[in-house]
file structure_21.cif (mmCIF, C-alpha atoms)
data_input
#
loop_
_atom_site.group_PDB
_atom_site.id
_atom_site.type_symbol
_atom_site.label_atom_id
_atom_site.label_comp_id
_atom_site.auth_asym_id
_atom_site.auth_seq_id
_atom_site.Cartn_x
_atom_site.Cartn_y
_atom_site.Cartn_z
ATOM 1 C CA MET A 1 92.622 101.994 92.976
ATOM 2 C CA GLU A 2 94.722 102.769 89.917
ATOM 3 C CA THR A 3 98.469 103.412 89.853
ATOM 4 C CA ILE A 4 100.759 105.123 87.356
ATOM 5 C CA ARG A 5 104.091 103.285 87.159
ATOM 6 C CA HIS A 6 107.251 104.245 85.288
ATOM 7 C CA ASN A 7 110.582 102.417 85.545
ATOM 8 C CA VAL A 8 113.735 103.802 84.022
ATOM 9 C CA VAL A 9 117.480 103.401 84.483
ATOM 10 C CA ILE A 10 119.321 106.659 85.234
ATOM 11 C CA LYS A 11 123.034 106.602 84.526
ATOM 12 C CA THR A 12 124.225 108.029 87.821
ATOM 13 C CA SER A 13 124.325 107.072 91.495
ATOM 14 C CA PRO A 14 121.250 106.687 93.735
ATOM 15 C CA GLU A 15 122.709 109.510 95.862
ATOM 16 C CA LYS A 16 122.466 111.947 92.957
ATOM 17 C CA VAL A 17 118.909 110.891 92.009
ATOM 18 C CA TYR A 18 117.846 111.112 95.677
ATOM 19 C CA GLN A 19 119.080 114.730 95.793
ATOM 20 C CA ALA A 20 117.130 115.452 92.608
ATOM 21 C CA VAL A 21 113.821 114.136 94.009
ATOM 22 C CA THR A 22 114.066 115.448 97.581
ATOM 23 C CA THR A 23 115.649 118.923 97.496
ATOM 24 C CA GLN A 24 114.083 122.187 96.328
ATOM 25 C CA GLU A 25 116.921 122.853 93.882
ATOM 26 C CA GLY A 26 116.672 119.323 92.511
ATOM 27 C CA ILE A 27 112.903 119.192 91.978
ATOM 28 C CA ALA A 28 112.893 122.711 90.472
ATOM 29 C CA SER A 29 115.386 121.507 87.869
ATOM 30 C CA TRP A 30 113.260 118.760 86.283
ATOM 31 C CA TRP A 31 109.601 119.044 87.374
ATOM 32 C CA CYS A 32 108.292 122.312 88.753
ATOM 33 C CA LYS A 33 110.232 125.578 88.584
ATOM 34 C CA GLN A 34 108.121 127.112 91.385
ATOM 35 C CA THR A 35 108.959 124.568 94.080
ATOM 36 C CA THR A 36 109.221 124.955 97.833
ATOM 37 C CA ALA A 37 110.586 121.693 99.227
ATOM 38 C CA LYS A 38 112.688 120.244 102.021
ATOM 39 C CA PRO A 39 113.990 116.718 102.591
ATOM 40 C CA GLU A 40 112.298 116.601 106.009
ATOM 41 C CA LEU A 41 109.613 114.171 107.145
ATOM 42 C CA GLY A 42 106.239 115.944 107.454
ATOM 43 C CA PHE A 43 107.357 119.042 105.535
ATOM 44 C CA MET A 44 104.711 120.417 103.194
ATOM 45 C CA ASN A 45 106.244 120.679 99.733
ATOM 46 C CA ILE A 46 104.479 123.179 97.483
ATOM 47 C CA PHE A 47 104.569 122.853 93.701
ATOM 48 C CA THR A 48 102.961 125.651 91.679
ATOM 49 C CA PHE A 49 102.270 125.501 87.935
ATOM 50 C CA GLY A 50 100.585 128.801 87.017
ATOM 51 C CA THR A 51 97.312 128.674 88.983
ATOM 52 C CA PHE A 52 97.662 124.962 89.718
ATOM 53 C CA ARG A 53 98.995 124.715 93.297
ATOM 54 C CA ASN A 54 99.894 121.359 94.825
ATOM 55 C CA GLU A 55 100.615 120.766 98.488
ATOM 56 C CA MET A 56 102.321 117.465 99.093
ATOM 57 C CA LYS A 57 103.474 116.282 102.494
ATOM 58 C CA VAL A 58 106.756 114.397 102.729
ATOM 59 C CA ALA A 59 105.407 111.070 104.023
ATOM 60 C CA GLU A 60 108.512 108.910 103.690
ATOM 61 C CA LEU A 61 112.237 109.508 103.445
ATOM 62 C CA SER A 62 114.896 106.815 103.357
ATOM 63 C CA ASP A 63 118.342 108.157 102.473
ATOM 64 C CA ASN A 64 119.298 107.419 98.856
ATOM 65 C CA LYS A 65 116.540 104.780 98.613
ATOM 66 C CA ARG A 66 113.050 106.195 98.678
ATOM 67 C CA THR A 67 110.759 109.139 99.213
ATOM 68 C CA GLU A 68 106.988 109.404 99.135
ATOM 69 C CA TRP A 69 104.670 112.411 99.048
ATOM 70 C CA GLU A 70 101.041 112.489 100.139
ATOM 71 C CA CYS A 71 98.892 114.858 98.132
ATOM 72 C CA ILE A 72 97.064 117.152 100.595
ATOM 73 C CA GLN A 73 95.847 119.918 98.242
ATOM 74 C CA SER A 74 95.523 119.737 94.458
ATOM 75 C CA ILE A 75 92.959 119.075 91.735
ATOM 76 C CA GLU A 76 90.193 116.753 92.926
ATOM 77 C CA GLU A 77 91.503 113.640 91.201
ATOM 78 C CA TRP A 78 94.912 114.027 92.873
ATOM 79 C CA MET A 79 93.577 114.501 96.428
ATOM 80 C CA GLY A 80 94.817 111.728 98.696
ATOM 81 C CA THR A 81 96.995 110.176 96.003
ATOM 82 C CA ARG A 82 100.627 109.339 96.771
ATOM 83 C CA ILE A 83 103.729 109.830 94.650
ATOM 84 C CA SER A 84 106.816 107.729 95.307
ATOM 85 C CA PHE A 85 110.364 107.417 94.019
ATOM 86 C CA ASP A 86 112.185 104.139 94.771
ATOM 87 C CA LEU A 87 115.875 103.928 93.927
ATOM 88 C CA GLU A 88 117.879 100.748 93.472
ATOM 89 C CA GLU A 89 121.581 100.618 92.587
ATOM 90 C CA ARG A 90 122.259 98.638 89.388
ATOM 91 C CA ASN A 91 125.912 98.284 88.330
ATOM 92 C CA GLY A 92 126.770 101.836 89.314
ATOM 93 C CA ASN A 93 123.541 103.224 87.833
ATOM 94 C CA THR A 94 120.117 103.700 89.386
ATOM 95 C CA LEU A 95 116.870 101.899 88.621
ATOM 96 C CA LEU A 96 114.095 104.371 89.414
ATOM 97 C CA ARG A 97 110.641 102.978 90.132
ATOM 98 C CA PHE A 98 108.199 105.881 90.065
ATOM 99 C CA THR A 99 104.578 105.510 91.126
ATOM 100 C CA HIS A 100 101.595 107.816 91.446
ATOM 101 C CA GLY A 101 99.003 105.681 93.190
ATOM 102 C CA GLY A 102 95.614 105.951 94.838
ATOM 103 C CA TRP A 103 93.661 107.165 91.800
ATOM 104 C CA LYS A 104 89.966 106.288 92.157
ATOM 105 C CA ALA A 105 89.664 105.396 88.454
ATOM 106 C CA ALA A 106 91.604 105.232 85.196
ATOM 107 C CA THR A 107 89.995 108.386 83.792
ATOM 108 C CA ASP A 108 91.030 110.565 80.852
ATOM 109 C CA MET A 109 92.921 112.748 83.365
ATOM 110 C CA PHE A 110 94.767 109.642 84.609
ATOM 111 C CA ALA A 111 95.852 108.868 81.027
ATOM 112 C CA VAL A 112 96.926 112.485 80.431
ATOM 113 C CA CYS A 113 98.936 112.517 83.677
ATOM 114 C CA ASN A 114 100.494 109.141 82.850
ATOM 115 C CA TYR A 115 101.774 110.576 79.572
ATOM 116 C CA ASP A 116 102.954 113.784 81.273
ATOM 117 C CA TRP A 117 104.711 111.938 84.110
ATOM 118 C CA ALA A 118 106.745 109.960 81.575
ATOM 119 C CA ARG A 119 107.900 113.227 80.053
ATOM 120 C CA PHE A 120 108.899 114.613 83.469
ATOM 121 C CA ILE A 121 110.636 111.362 84.472
ATOM 122 C CA SER A 122 112.554 111.662 81.208
ATOM 123 C CA SER A 123 113.394 115.253 82.256
ATOM 124 C CA LEU A 124 114.598 113.923 85.644
ATOM 125 C CA LYS A 125 116.801 111.360 83.862
ATOM 126 C CA THR A 126 118.270 114.023 81.585
ATOM 127 C CA PHE A 127 118.831 116.403 84.506
ATOM 128 C CA CYS A 128 120.652 113.712 86.522
ATOM 129 C CA GLU A 129 122.764 112.627 83.543
ATOM 130 C CA THR A 130 123.556 115.990 81.954
ATOM 131 C CA GLY A 131 122.696 118.702 84.507
ATOM 132 C CA THR A 132 119.841 120.096 82.389
ATOM 133 C CA GLY A 133 116.185 119.125 82.748
ATOM 134 C CA GLU A 134 112.941 120.481 81.312
ATOM 135 C CA PRO A 135 110.813 121.623 84.259
ATOM 136 C CA ALA A 136 107.416 123.303 83.797
ATOM 137 C CA MET B 1 94.199 92.754 84.135
ATOM 138 C CA GLU B 2 96.340 95.868 83.904
ATOM 139 C CA THR B 3 96.225 98.530 81.180
ATOM 140 C CA ILE B 4 98.705 101.140 79.997
ATOM 141 C CA ARG B 5 96.876 104.355 79.046
ATOM 142 C CA HIS B 6 98.230 107.515 77.438
ATOM 143 C CA ASN B 7 96.126 110.443 76.236
ATOM 144 C CA VAL B 8 97.589 113.254 74.197
ATOM 145 C CA VAL B 9 96.340 115.934 71.821
ATOM 146 C CA ILE B 10 97.989 115.848 68.384
ATOM 147 C CA LYS B 11 97.758 119.068 66.407
ATOM 148 C CA THR B 12 96.520 117.604 63.151
ATOM 149 C CA SER B 13 93.437 115.856 61.769
ATOM 150 C CA PRO B 14 92.256 112.366 62.815
ATOM 151 C CA GLU B 15 92.769 111.330 59.159
ATOM 152 C CA LYS B 16 96.485 112.052 59.388
ATOM 153 C CA VAL B 17 96.910 110.270 62.744
ATOM 154 C CA TYR B 18 94.937 107.290 61.425
ATOM 155 C CA GLN B 19 97.364 106.985 58.494
ATOM 156 C CA ALA B 20 100.266 107.143 60.934
ATOM 157 C CA VAL B 21 98.965 104.265 63.087
ATOM 158 C CA THR B 22 97.641 101.965 60.364
ATOM 159 C CA THR B 23 100.020 102.094 57.384
ATOM 160 C CA GLN B 24 103.484 100.563 57.074
ATOM 161 C CA GLU B 25 105.055 103.885 56.136
ATOM 162 C CA GLY B 26 103.318 105.612 59.029
ATOM 163 C CA ILE B 27 104.222 103.136 61.789
ATOM 164 C CA ALA B 28 107.823 102.878 60.518
ATOM 165 C CA SER B 29 108.129 106.642 60.954
ATOM 166 C CA TRP B 30 107.468 106.834 64.708
ATOM 167 C CA TRP B 31 107.624 103.363 66.313
ATOM 168 C CA CYS B 32 109.427 100.550 64.550
ATOM 169 C CA LYS B 33 111.637 101.068 61.504
ATOM 170 C CA GLN B 34 111.367 97.385 60.542
ATOM 171 C CA THR B 35 107.597 97.246 60.110
ATOM 172 C CA THR B 36 105.442 95.155 57.819
ATOM 173 C CA ALA B 37 101.860 96.405 58.120
ATOM 174 C CA LYS B 38 98.628 96.826 56.201
ATOM 175 C CA PRO B 39 95.393 98.599 57.123
ATOM 176 C CA GLU B 40 93.428 95.381 56.528
ATOM 177 C CA LEU B 41 91.342 93.477 59.071
ATOM 178 C CA GLY B 42 93.055 90.211 60.052
ATOM 179 C CA PHE B 43 96.412 91.174 58.497
ATOM 180 C CA MET B 44 99.403 90.107 60.582
ATOM 181 C CA ASN B 45 101.538 93.175 61.205
ATOM 182 C CA ILE B 46 105.160 92.360 62.021
ATOM 183 C CA PHE B 47 107.303 94.717 64.076
ATOM 184 C CA THR B 48 110.974 93.781 64.513
ATOM 185 C CA PHE B 49 113.360 95.487 66.936
ATOM 186 C CA GLY B 50 116.716 93.699 66.549
ATOM 187 C CA THR B 51 115.952 90.138 67.717
ATOM 188 C CA PHE B 52 112.632 91.159 69.287
ATOM 189 C CA ARG B 53 109.940 90.155 66.773
ATOM 190 C CA ASN B 54 106.281 91.022 67.351
ATOM 191 C CA GLU B 55 103.372 89.639 65.376
ATOM 192 C CA MET B 56 100.213 91.622 65.885
ATOM 193 C CA LYS B 57 96.960 90.894 64.120
ATOM 194 C CA VAL B 58 94.824 93.824 63.004
ATOM 195 C CA ALA B 59 91.739 93.116 65.131
ATOM 196 C CA GLU B 60 89.792 96.334 64.567
ATOM 197 C CA LEU B 61 89.753 99.088 61.968
ATOM 198 C CA SER B 62 87.326 101.983 61.889
ATOM 199 C CA ASP B 63 88.293 104.661 59.373
ATOM 200 C CA ASN B 64 89.878 107.703 61.039
ATOM 201 C CA LYS B 65 88.521 106.612 64.433
ATOM 202 C CA ARG B 66 90.158 103.497 65.821
ATOM 203 C CA THR B 67 92.426 100.548 65.285
ATOM 204 C CA GLU B 68 93.329 97.665 67.573
ATOM 205 C CA TRP B 69 96.053 95.033 67.347
ATOM 206 C CA GLU B 70 96.039 91.641 69.059
ATOM 207 C CA CYS B 71 99.464 90.428 70.078
ATOM 208 C CA ILE B 72 99.948 86.906 68.664
ATOM 209 C CA GLN B 73 103.721 86.463 69.021
ATOM 210 C CA SER B 74 106.066 88.464 71.254
ATOM 211 C CA ILE B 75 107.744 88.322 74.655
ATOM 212 C CA GLU B 76 105.723 86.298 77.141
ATOM 213 C CA GLU B 77 104.258 89.261 79.004
ATOM 214 C CA TRP B 78 102.886 90.733 75.753
ATOM 215 C CA MET B 79 101.223 87.524 74.528
ATOM 216 C CA GLY B 80 97.466 88.033 74.187
ATOM 217 C CA THR B 81 97.654 91.720 75.082
ATOM 218 C CA ARG B 82 95.905 94.287 72.872
ATOM 219 C CA ILE B 83 97.076 97.673 71.684
ATOM 220 C CA SER B 84 94.549 100.287 70.598
ATOM 221 C CA PHE B 85 94.513 103.792 69.179
ATOM 222 C CA ASP B 86 91.273 105.765 69.536
ATOM 223 C CA LEU B 87 90.991 109.093 67.731
ATOM 224 C CA GLU B 88 88.544 111.879 68.525
ATOM 225 C CA GLU B 89 88.364 115.201 66.705
ATOM 226 C CA ARG B 90 88.815 118.188 69.052
ATOM 227 C CA ASN B 91 88.597 121.669 67.480
ATOM 228 C CA GLY B 92 90.475 120.607 64.375
ATOM 229 C CA ASN B 93 93.021 118.600 66.362
ATOM 230 C CA THR B 94 92.990 114.972 67.482
ATOM 231 C CA LEU B 95 92.688 113.550 70.977
ATOM 232 C CA LEU B 96 94.525 110.227 70.905
ATOM 233 C CA ARG B 97 93.620 107.670 73.543
ATOM 234 C CA PHE B 98 96.266 104.950 73.445
ATOM 235 C CA THR B 99 95.934 101.725 75.428
ATOM 236 C CA HIS B 100 97.984 98.572 75.826
ATOM 237 C CA GLY B 101 95.716 96.279 77.821
ATOM 238 C CA GLY B 102 95.455 92.692 78.984
ATOM 239 C CA TRP B 103 98.634 92.606 81.069
ATOM 240 C CA LYS B 104 98.399 89.885 83.758
ATOM 241 C CA ALA B 105 100.135 92.083 86.345
ATOM 242 C CA ALA B 106 101.760 95.487 86.866
ATOM 243 C CA THR B 107 105.303 94.095 86.774
ATOM 244 C CA ASP B 108 108.628 95.877 86.354
ATOM 245 C CA MET B 109 108.335 95.143 82.615
ATOM 246 C CA PHE B 110 104.879 96.801 82.605
ATOM 247 C CA ALA B 111 106.403 99.937 84.185
ATOM 248 C CA VAL B 112 109.313 99.937 81.698
ATOM 249 C CA CYS B 113 106.919 99.562 78.759
ATOM 250 C CA ASN B 114 104.639 102.281 80.145
ATOM 251 C CA TYR B 115 107.577 104.681 80.155
ATOM 252 C CA ASP B 116 108.707 103.566 76.693
ATOM 253 C CA TRP B 117 105.196 103.824 75.194
ATOM 254 C CA ALA B 118 104.982 107.453 76.340
ATOM 255 C CA ARG B 119 108.199 108.178 74.486
ATOM 256 C CA PHE B 120 106.900 106.509 71.310
ATOM 257 C CA ILE B 121 103.523 108.256 71.579
ATOM 258 C CA SER B 122 105.491 111.499 71.839
ATOM 259 C CA SER B 123 107.359 110.385 68.691
ATOM 260 C CA LEU B 124 103.996 109.741 66.974
ATOM 261 C CA LYS B 125 102.824 113.251 67.960
ATOM 262 C CA THR B 126 106.027 114.822 66.645
ATOM 263 C CA PHE B 127 105.850 112.803 63.424
ATOM 264 C CA CYS B 128 102.235 113.867 62.805
ATOM 265 C CA GLU B 129 102.947 117.516 63.610
ATOM 266 C CA THR B 130 106.358 117.969 61.960
ATOM 267 C CA GLY B 131 106.921 114.988 59.630
ATOM 268 C CA THR B 132 109.799 113.618 61.722
ATOM 269 C CA GLY B 133 109.464 110.968 64.434
ATOM 270 C CA GLU B 134 111.967 108.929 66.445
ATOM 271 C CA PRO B 135 111.314 105.260 65.639
ATOM 272 C CA ALA B 136 113.465 102.446 67.056
#

call {"tool": "encode", "arguments": {"input": "structure_21.cif", "output": "structure tokens"}}
result
Amino acid sequence: METIRHNVVIKTSPEKVYQAVTTQEGIASWWCKQTTAKPELGFMNIFTFGTFRNEMKVAELSDNKRTEWECIQSIEEWMGTRISFDLEERNGNTLLRFTHGGWKAATDMFAVCNYDWARFISSLKTFCETGTGEPA
Amino acid sequence: METIRHNVVIKTSPEKVYQAVTTQEGIASWWCKQTTAKPELGFMNIFTFGTFRNEMKVAELSDNKRTEWECIQSIEEWMGTRISFDLEERNGNTLLRFTHGGWKAATDMFAVCNYDWARFISSLKTFCETGTGEPA
């Protein structure tokens, strides 16, 4: 199994980053404008990019520390993969450890998504630090 | 062994991207301002970021298609790793497949570098497409 991993320090509290990665308003501000999401275990988040619809079940929630989504419906290579956000307080800032794991192989699509995730994680950082992200 | 992989389409010819990833002037424009480099097999490229000095031997060169560097001197986790740029023409544009392979483990440093490489590959894309990159 292959895993995409991005670590970055976000200059704000874990509480603020947790809001950004668990609430509908938060996620819509840095990743996917057409988001239906709830910070509720088992809730089916839906992220739509044009005709590309993703259903991701909230599989883990730990207040201000971690959330994980399980990909239930998406493109074939994403099926069954899991996306997680781990937050650790570092001198008043937040170390984010992002992963998208469970890929069957490190394909061209994996390498495209790795590049794209970095851009969205950068958008998340900018949103948390300035209030403005670059969602798709 | 773990490998960082980023794929991105750059809207210019493979010739132009090849110049950007093999010549001193090119690399200094998107990655490392303090670069000594030559498109010559076996040449020791030197990339300096403040006190962080990297010596990378040009291990492969294939005109307008591919180059690979072998990391000879750097931080411990980079020692012996290899960085490659593969270029493929796609309808007048270039598909870049970037890899940084040979990592012993997917550590926190690996995840930091994965994020940072995406930002520099984005800088390479911008430099090739507009003439202005964001080197460190």

call {"tool": "closest_atom_pairs", "arguments": {"input": "structure_21.cif", "of": "chain A", "to": "chain B", "cutoff": "10 Å", "atoms": "only C-alpha atoms", "output": "Markdown table"}}
result
| residue | atom | partner | partner_atom | distance |
| --- | --- | --- | --- | --- |
| A:Glu2 | CA | B:Glu2 | CA | 9.3 |
| A:Thr3 | CA | B:Ala106 | CA | 9.1 |
| A:Ile4 | CA | B:Ala111 | CA | 8.3 |
| A:Arg5 | CA | B:Ala111 | CA | 5.0 |
| A:His6 | CA | B:Ala111 | CA | 4.5 |
| A:Asn7 | CA | B:Val112 | CA | 4.7 |
| A:Val8 | CA | B:Val112 | CA | 6.3 |
| A:Val9 | CA | B:Val112 | CA | 9.3 |
| A:Arg97 | CA | B:Ala111 | CA | 7.9 |
| A:Phe98 | CA | B:Ala111 | CA | 8.6 |
| A:Thr99 | CA | B:Ala111 | CA | 9.1 |
| A:Ala106 | CA | B:Arg5 | CA | 8.1 |
| A:Thr107 | CA | B:Arg5 | CA | 9.3 |
| A:Asp108 | CA | B:Asn7 | CA | 6.9 |
| A:Met109 | CA | B:Asn7 | CA | 8.1 |
| A:Phe110 | CA | B:Arg5 | CA | 8.0 |
| A:Ala111 | CA | B:His6 | CA | 4.5 |
| A:Val112 | CA | B:Asn7 | CA | 4.7 |
| A:Cys113 | CA | B:His6 | CA | 8.0 |
| A:Asn114 | CA | B:His6 | CA | 6.1 |
| A:Tyr115 | CA | B:His6 | CA | 5.1 |
| A:Asp116 | CA | B:Ala118 | CA | 8.3 |
| A:Trp117 | CA | B:Tyr115 | CA | 8.7 |
| A:Ala118 | CA | B:Tyr115 | CA | 5.5 |
| A:Arg119 | CA | B:Ala118 | CA | 7.5 |
| A:Ile121 | CA | B:Tyr115 | CA | 8.5 |
| A:Ser122 | CA | B:Tyr115 | CA | 8.6 |

call {"tool": "closest_residue", "arguments": {"input": "structure_21.cif", "among": "A:Asn93, A:Thr67, A:Asn54, A:Thr36", "to": "Ile10 in chain A", "atoms": "only C-alpha atoms"}}
result
A:Asn93

call {"tool": "calpha_fit_and_write", "arguments": {"input": "structure_21.cif", "fixed": "chain A", "moving": "chain B", "output": "short mmCIF file (atom, residue, chain, number, x, y, z; two decimals) with C-alpha atoms, in the frame of the given file"}}
result
data_model
loop_
_atom_site.label_atom_id
_atom_site.label_comp_id
_atom_site.auth_asym_id
_atom_site.auth_seq_id
_atom_site.Cartn_x
_atom_site.Cartn_y
_atom_site.Cartn_z
CA MET B 1 92.61 102.01 92.99
CA GLU B 2 94.72 102.77 89.94
CA THR B 3 98.48 103.41 89.86
CA ILE B 4 100.76 105.13 87.37
CA ARG B 5 104.10 103.29 87.16
CA HIS B 6 107.26 104.24 85.29
CA ASN B 7 110.59 102.42 85.55
CA VAL B 8 113.75 103.81 84.03
CA VAL B 9 117.49 103.40 84.49
CA ILE B 10 119.33 106.66 85.23
CA LYS B 11 123.05 106.61 84.52
CA THR B 12 124.23 108.03 87.82
CA SER B 13 124.33 107.07 91.50
CA PRO B 14 121.25 106.69 93.74
CA GLU B 15 122.71 109.52 95.87
CA LYS B 16 122.46 111.95 92.97
CA VAL B 17 118.91 110.89 92.02
CA TYR B 18 117.86 111.12 95.67
CA GLN B 19 119.07 114.73 95.79
CA ALA B 20 117.13 115.45 92.61
CA VAL B 21 113.83 114.14 94.01
CA THR B 22 114.06 115.45 97.57
CA THR B 23 115.64 118.92 97.49
CA GLN B 24 114.09 122.19 96.33
CA GLU B 25 116.91 122.86 93.88
CA GLY B 26 116.66 119.33 92.52
CA ILE B 27 112.89 119.19 91.97
CA ALA B 28 112.88 122.71 90.47
CA SER B 29 115.38 121.50 87.87
CA TRP B 30 113.25 118.76 86.27
CA TRP B 31 109.59 119.05 87.36
CA CYS B 32 108.29 122.32 88.74
CA LYS B 33 110.23 125.58 88.58
CA GLN B 34 108.12 127.10 91.37
CA THR B 35 108.95 124.57 94.08
CA THR B 36 109.21 124.94 97.83
CA ALA B 37 110.58 121.68 99.23
CA LYS B 38 112.68 120.23 102.03
CA PRO B 39 113.98 116.71 102.60
CA GLU B 40 112.28 116.60 106.01
CA LEU B 41 109.60 114.17 107.15
CA GLY B 42 106.22 115.92 107.45
CA PHE B 43 107.35 119.04 105.54
CA MET B 44 104.70 120.41 103.19
CA ASN B 45 106.24 120.68 99.74
CA ILE B 46 104.48 123.18 97.48
CA PHE B 47 104.57 122.85 93.71
CA THR B 48 102.95 125.65 91.69
CA PHE B 49 102.28 125.50 87.95
CA GLY B 50 100.60 128.81 87.04
CA THR B 51 97.31 128.69 88.99
CA PHE B 52 97.66 124.96 89.72
CA ARG B 53 98.97 124.72 93.29
CA ASN B 54 99.89 121.36 94.83
CA GLU B 55 100.61 120.76 98.49
CA MET B 56 102.33 117.46 99.10
CA LYS B 57 103.47 116.28 102.49
CA VAL B 58 106.75 114.39 102.73
CA ALA B 59 105.40 111.07 104.02
CA GLU B 60 108.52 108.91 103.69
CA LEU B 61 112.25 109.51 103.44
CA SER B 62 114.89 106.82 103.36
CA ASP B 63 118.34 108.15 102.47
CA ASN B 64 119.29 107.41 98.85
CA LYS B 65 116.55 104.77 98.62
CA ARG B 66 113.04 106.18 98.67
CA THR B 67 110.77 109.13 99.21
CA GLU B 68 106.99 109.40 99.13
CA TRP B 69 104.68 112.41 99.03
CA GLU B 70 101.05 112.49 100.13
CA CYS B 71 98.89 114.85 98.13
CA ILE B 72 97.06 117.15 100.58
CA GLN B 73 95.84 119.92 98.25
CA SER B 74 95.52 119.75 94.46
CA ILE B 75 92.96 119.08 91.74
CA GLU B 76 90.20 116.77 92.93
CA GLU B 77 91.50 113.65 91.21
CA TRP B 78 94.91 114.03 92.88
CA MET B 79 93.57 114.51 96.42
CA GLY B 80 94.82 111.73 98.70
CA THR B 81 96.99 110.18 95.99
CA ARG B 82 100.63 109.34 96.75
CA ILE B 83 103.73 109.83 94.65
CA SER B 84 106.82 107.73 95.30
CA PHE B 85 110.37 107.41 94.02
CA ASP B 86 112.18 104.15 94.76
CA LEU B 87 115.88 103.93 93.93
CA GLU B 88 117.90 100.75 93.48
CA GLU B 89 121.58 100.61 92.60
CA ARG B 90 122.25 98.64 89.39
CA ASN B 91 125.91 98.28 88.31
CA GLY B 92 126.76 101.83 89.31
CA ASN B 93 123.55 103.23 87.84
CA THR B 94 120.11 103.71 89.39
CA LEU B 95 116.87 101.90 88.62
CA LEU B 96 114.10 104.38 89.41
CA ARG B 97 110.66 102.98 90.12
CA PHE B 98 108.22 105.89 90.06
CA THR B 99 104.59 105.52 91.13
CA HIS B 100 101.61 107.82 91.44
CA GLY B 101 99.01 105.69 93.20
CA GLY B 102 95.62 105.96 94.84
CA TRP B 103 93.68 107.17 91.81
CA LYS B 104 89.96 106.30 92.16
CA ALA B 105 89.66 105.40 88.47
CA ALA B 106 91.61 105.24 85.20
CA THR B 107 90.01 108.39 83.79
CA ASP B 108 91.04 110.57 80.85
CA MET B 109 92.91 112.75 83.37
CA PHE B 110 94.77 109.63 84.62
CA ALA B 111 95.85 108.87 81.03
CA VAL B 112 96.93 112.49 80.44
CA CYS B 113 98.94 112.52 83.68
CA ASN B 114 100.49 109.14 82.85
CA TYR B 115 101.78 110.58 79.59
CA ASP B 116 102.95 113.78 81.27
CA TRP B 117 104.71 111.94 84.13
CA ALA B 118 106.74 109.96 81.58
CA ARG B 119 107.91 113.22 80.05
CA PHE B 120 108.90 114.61 83.46
CA ILE B 121 110.63 111.37 84.47
CA SER B 122 112.56 111.67 81.21
CA SER B 123 113.40 115.25 82.26
CA LEU B 124 114.59 113.92 85.65
CA LYS B 125 116.81 111.36 83.87
CA THR B 126 118.27 114.02 81.59
CA PHE B 127 118.83 116.40 84.51
CA CYS B 128 120.65 113.71 86.51
CA GLU B 129 122.76 112.62 83.54
CA THR B 130 123.56 115.99 81.94
CA GLY B 131 122.70 118.71 84.49
CA THR B 132 119.84 120.09 82.38
CA GLY B 133 116.18 119.11 82.75
CA GLU B 134 112.94 120.47 81.31
CA PRO B 135 110.81 121.61 84.26
CA ALA B 136 107.42 123.30 83.79
#

call {"tool": "resolve_selection", "arguments": {"input": "structure_21.cif", "expression": "the PyMOL selection byres ((chain B and resi 123) around 10)", "output": "list in words"}}
result
Ser29, Trp30, Trp31, Trp117, Ala118, Arg119, Phe120, Ile121, Ser122, Leu124, Lys125, Thr126, Phe127, Cys128, Glu129, Thr132, Gly133, Glu134 and Pro135 of chain B

call {"tool": "resolve_selection", "arguments": {"input": "structure_21.cif", "expression": "the PyMOL selection byres ((chain B and resi 84) around 10)", "output": "PyMOL selection string"}}
result
chain B and resi 5+21+58-61+66-70+82-83+85-87+96-101

call {"tool": "axis_aligned_box", "arguments": {"input": "structure_21.cif", "around": "range 30-35 of chain A", "padding_each_side": "4 Å", "output": "JSON"}}
result
{"center_x": 110.7, "center_y": 122.9, "center_z": 90.2, "size_x": 13.1, "size_y": 16.4, "size_z": 15.8}

call {"tool": "residues_around", "arguments": {"input": "structure_21.cif", "residues": "Met1 in chain A", "least_positions_apart": "6", "cutoff": "6 Å", "atoms": "all atoms listed in the file", "output": "compact mmCIF listing (two decimals) with C-alpha atoms, in the frame of the given file"}}
result
# COMPACT_ATOMS: atom_id res chain seq x y z
CA GLY A 102 95.61 105.95 94.84
CA TRP A 103 93.66 107.16 91.80
CA LYS A 104 89.97 106.29 92.16
